[in-house]
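Take a look at the structure below.
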Amino acid sequence: MNQVFWYTTRATGVVATVLAVGSLILGLFFSARNTGAKRTAAWWLDLHNYLGGLALAFTGAHILASLLDPDSGIGIVQAVVPGTAHATAWAMTWGVLATYTFCIAVFTSWPKRRFSRRVWRWLHLTSVAGVAFGGVHAYQLGTDATTTTFEIGLLVGAAFSIYAVALRVISAISRAMSR
Ligand code: HEM
């Protein structure tokens, strides 16, 4: 039975990471106005929000599975308070922080955007760091992190994310210069 929770922890973690990276890339393409002509900007934004919500749902399932796995060494305190997991303090801290940023991004945007645009944007941007934290957490803690497929997957995700961030920064600079 323990194996079921162990496999579920790993599978939901991988799915949450893929969804979070997808949402990040779509969000950055949308805000860099790099969405192409085939689909409307609203379509990209909807998909970005949808994937972000799904990433949080899978993160919830991932945390639940690790709590139910008696061999994980994770209790409710370790899942909520950064730095409290004994043998894996840093690895777990990245996971906990990533989860908080995902919660902030989703719950400040849904069901309706809250706060002023400026405050909301800064809160929302914490999820960019959150995706990176999730990747570090997975690399440091995952059973599969020693496999080549997993490492290539993480590298590809990181490369696409960095590309999208660079595109967004370049777009912000060129917009500021043309003002
Ligand atoms: C409180 C928050 C979290 C907890 C308690 C937690 C717990 C765990 C545990 C116990 C493992 C080790 C599983 C194993 O034995 O391999 C793990 C691995 C992993 N976690 Fe998390 N995690 C959290 C947040 C996150 C977040 C936010 C993400 C990404 C969105 C994530 C993605 C992953 C991935 C990809 C793995 C590697 C799975 C594998 O080896 O295939 N985790 N997590």
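Labels used: A, B, ... for chains in the order of the structure tokens, numbers from 1 for residues in each chain, and numbers from 1 for ligands as shown.
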For the contact check between chain A and ligand 1, emit one row per residue of chain A within 8 Å, containing the shortest atom pair and the distance in Å rounded to one decimal, counting only C-alpha atoms and all ligand atoms, chain then rising number order, as CSV.
```
residue,atom,partner,partner_atom_place_in_ligand_line,distance
A:Trp6,CA,ligand 1,15 (O),6.0
A:Tyr7,CA,ligand 1,14 (C),7.8
A:Thr9,CA,ligand 1,13 (C),5.6
A:Arg10,CA,ligand 1,38 (C),3.7
A:Ala11,CA,ligand 1,41 (O),6.1
A:Thr12,CA,ligand 1,32 (C),7.5
A:Gly13,CA,ligand 1,33 (C),3.7
A:Val14,CA,ligand 1,35 (C),3.9
A:Val15,CA,ligand 1,35 (C),7.3
A:Ala16,CA,ligand 1,30 (C),4.5
A:Thr17,CA,ligand 1,30 (C),4.0
A:Val18,CA,ligand 1,30 (C),7.6
A:Leu19,CA,ligand 1,30 (C),7.8
A:Ala20,CA,ligand 1,30 (C),6.1
A:Ala55,CA,ligand 1,30 (C),6.6
A:Leu56,CA,ligand 1,30 (C),7.6
A:Phe58,CA,ligand 1,30 (C),7.8
A:Thr59,CA,ligand 1,27 (C),5.5
A:Gly60,CA,ligand 1,2 (C),8.0
A:His62,CA,ligand 1,22 (N),6.3
A:Ile63,CA,ligand 1,5 (C),4.6
A:Leu64,CA,ligand 1,5 (C),7.8
A:Ser66,CA,ligand 1,10 (C),5.0
A:Leu67,CA,ligand 1,5 (C),7.0
A:Ser72,CA,ligand 1,10 (C),5.2
A:Gly73,CA,ligand 1,10 (C),7.4
A:Ile74,CA,ligand 1,10 (C),6.3
A:Gly75,CA,ligand 1,5 (C),7.9
A:Gln78,CA,ligand 1,5 (C),6.8
A:Ala79,CA,ligand 1,1 (C),4.0
A:Val80,CA,ligand 1,1 (C),5.8
A:Met92,CA,ligand 1,4 (C),6.3
A:Thr93,CA,ligand 1,1 (C),7.9
A:Trp94,CA,ligand 1,24 (C),7.4
A:Gly95,CA,ligand 1,24 (C),3.7
A:Val96,CA,ligand 1,1 (C),3.9
A:Leu97,CA,ligand 1,27 (C),7.5
A:Ala98,CA,ligand 1,27 (C),4.7
A:Thr99,CA,ligand 1,27 (C),4.4
A:Phe102,CA,ligand 1,27 (C),7.5
A:Gly130,CA,ligand 1,27 (C),7.4
A:Val131,CA,ligand 1,30 (C),6.5
A:Phe133,CA,ligand 1,27 (C),7.6
A:Gly134,CA,ligand 1,29 (C),4.1
A:Gly135,CA,ligand 1,29 (C),6.5
A:His137,CA,ligand 1,20 (N),6.2
A:Ala138,CA,ligand 1,36 (C),3.9
A:Tyr139,CA,ligand 1,37 (C),6.8
A:Leu141,CA,ligand 1,12 (C),5.2
A:Gly142,CA,ligand 1,40 (O),3.2
A:Thr143,CA,ligand 1,16 (O),3.6
A:Asp144,CA,ligand 1,40 (O),3.8
A:Ala145,CA,ligand 1,40 (O),5.6
A:Phe150,CA,ligand 1,41 (O),7.5
```
Legend entry - Residue set, segment 44-152 of chain A restricted to alpha helix (DSSP H), as a ChimeraX atom specification: /A:44-68,76-80,89-107,117-141,148-152
I need the chosen residues saved as a JSON list (two decimals), in the first residue's frame, with C-alpha atoms.
```
[["chain", "number", "residue", "atom", "x", "y", "z"],
["A", 44, "TRP", "CA", -3.89, 32.25, -24.21],
["A", 45, "LEU", "CA", -4.82, 33.94, -20.94],
["A", 46, "ASP", "CA", -7.62, 31.43, -20.29],
["A", 47, "LEU", "CA", -5.29, 28.50, -20.96],
["A", 48, "HIS", "CA", -2.62, 30.06, -18.72],
["A", 49, "ASN", "CA", -5.15, 30.41, -15.87],
["A", 50, "TYR", "CA", -6.52, 26.92, -16.44],
["A", 51, "LEU", "CA", -3.08, 25.27, -16.37],
["A", 52, "GLY", "CA", -2.13, 27.32, -13.29],
["A", 53, "GLY", "CA", -5.25, 26.13, -11.44],
["A", 54, "LEU", "CA", -4.58, 22.53, -12.49],
["A", 55, "ALA", "CA", -0.94, 22.82, -11.35],
["A", 56, "LEU", "CA", -2.15, 23.87, -7.91],
["A", 57, "ALA", "CA", -4.69, 21.01, -7.81],
["A", 58, "PHE", "CA", -1.98, 18.46, -8.67],
["A", 59, "THR", "CA", 0.34, 20.06, -6.10],
["A", 60, "GLY", "CA", -2.43, 19.52, -3.53],
["A", 61, "ALA", "CA", -2.73, 15.86, -4.58],
["A", 62, "HIS", "CA", 1.08, 15.55, -4.40],
["A", 63, "ILE", "CA", 1.18, 16.91, -0.85],
["A", 64, "LEU", "CA", -1.74, 14.70, 0.22],
["A", 65, "ALA", "CA", -0.06, 11.57, -1.21],
["A", 66, "SER", "CA", 3.22, 12.39, 0.58],
["A", 67, "LEU", "CA", 1.31, 12.94, 3.86],
["A", 68, "LEU", "CA", -0.45, 9.57, 3.44],
["A", 76, "ILE", "CA", 1.53, 18.31, 8.34],
["A", 77, "VAL", "CA", 4.15, 20.56, 10.03],
["A", 78, "GLN", "CA", 6.84, 19.67, 7.45],
["A", 79, "ALA", "CA", 4.35, 20.30, 4.63],
["A", 80, "VAL", "CA", 3.41, 23.74, 5.93],
["A", 89, "ALA", "CA", 15.13, 20.51, 5.13],
["A", 90, "TRP", "CA", 16.25, 22.52, 2.09],
["A", 91, "ALA", "CA", 14.67, 20.26, -0.51],
["A", 92, "MET", "CA", 11.32, 20.40, 1.31],
["A", 93, "THR", "CA", 11.64, 24.14, 1.96],
["A", 94, "TRP", "CA", 11.71, 24.78, -1.82],
["A", 95, "GLY", "CA", 8.59, 22.64, -2.25],
["A", 96, "VAL", "CA", 6.70, 24.43, 0.55],
["A", 97, "LEU", "CA", 7.67, 27.88, -0.78],
["A", 98, "ALA", "CA", 6.69, 26.89, -4.33],
["A", 99, "THR", "CA", 3.29, 25.79, -3.04],
["A", 100, "TYR", "CA", 2.73, 29.13, -1.28],
["A", 101, "THR", "CA", 3.54, 31.07, -4.46],
["A", 102, "PHE", "CA", 1.11, 28.89, -6.48],
["A", 103, "CYS", "CA", -1.61, 29.54, -3.87],
["A", 104, "ILE", "CA", -0.91, 33.29, -4.03],
["A", 105, "ALA", "CA", -1.04, 33.35, -7.86],
["A", 106, "VAL", "CA", -4.28, 31.38, -8.07],
["A", 107, "PHE", "CA", -6.21, 32.83, -5.15],
["A", 117, "ARG", "CA", -2.94, 45.96, -10.59],
["A", 118, "ARG", "CA", 0.55, 46.84, -9.29],
["A", 119, "VAL", "CA", 0.24, 44.82, -6.05],
["A", 120, "TRP", "CA", -1.42, 41.94, -7.90],
["A", 121, "ARG", "CA", 1.39, 41.85, -10.47],
["A", 122, "TRP", "CA", 4.11, 41.59, -7.80],
["A", 123, "LEU", "CA", 2.17, 38.90, -5.96],
["A", 124, "HIS", "CA", 1.59, 37.03, -9.23],
["A", 125, "LEU", "CA", 5.27, 37.26, -10.18],
["A", 126, "THR", "CA", 6.28, 35.29, -7.04],
["A", 127, "SER", "CA", 5.04, 32.23, -8.93],
["A", 128, "VAL", "CA", 7.91, 32.63, -11.44],
["A", 129, "ALA", "CA", 10.31, 31.97, -8.56],
["A", 130, "GLY", "CA", 7.87, 29.28, -7.38],
["A", 131, "VAL", "CA", 8.28, 27.26, -10.59],
["A", 132, "ALA", "CA", 12.07, 27.41, -10.16],
["A", 133, "PHE", "CA", 11.71, 26.37, -6.49],
["A", 134, "GLY", "CA", 9.54, 23.42, -7.58],
["A", 135, "GLY", "CA", 12.26, 22.33, -10.01],
["A", 136, "VAL", "CA", 15.01, 22.53, -7.36],
["A", 137, "HIS", "CA", 12.79, 20.64, -4.89],
["A", 138, "ALA", "CA", 12.20, 17.87, -7.45],
["A", 139, "TYR", "CA", 15.88, 17.65, -8.36],
["A", 140, "GLN", "CA", 17.01, 17.44, -4.73],
["A", 141, "LEU", "CA", 14.29, 15.14, -3.41],
["A", 148, "THR", "CA", 18.56, 10.68, -17.38],
["A", 149, "THR", "CA", 14.99, 11.11, -18.67],
["A", 150, "PHE", "CA", 14.01, 13.11, -15.58],
["A", 151, "GLU", "CA", 17.12, 15.29, -15.79],
["A", 152, "ILE", "CA", 16.60, 15.97, -19.50]]
```
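Interatomic distance, atom CA of Ser116 of chain A to atom CA of Ser174 of chain A: 24.5 Å.
Between Arg175 of chain A and the residues A:Asn2, A:Leu26, A:Arg33, A:Ile162, the shortest atom-to-atom distance, using only C-alpha atoms, involves A:Arg33.
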Inset, instruction - Report the distance between atom CA of Ser161 of chain A and atom CA of Val81 of chain A in Å, rounded to one decimal place. - result: 27.4 Å
Inset, instruction - Go through A:Leu28, A:Val21, A:Ala42, A:Ala87 and flag the residue nearest Val165 of chain A, using only C-alpha atoms for the distances. - result: A:Leu28
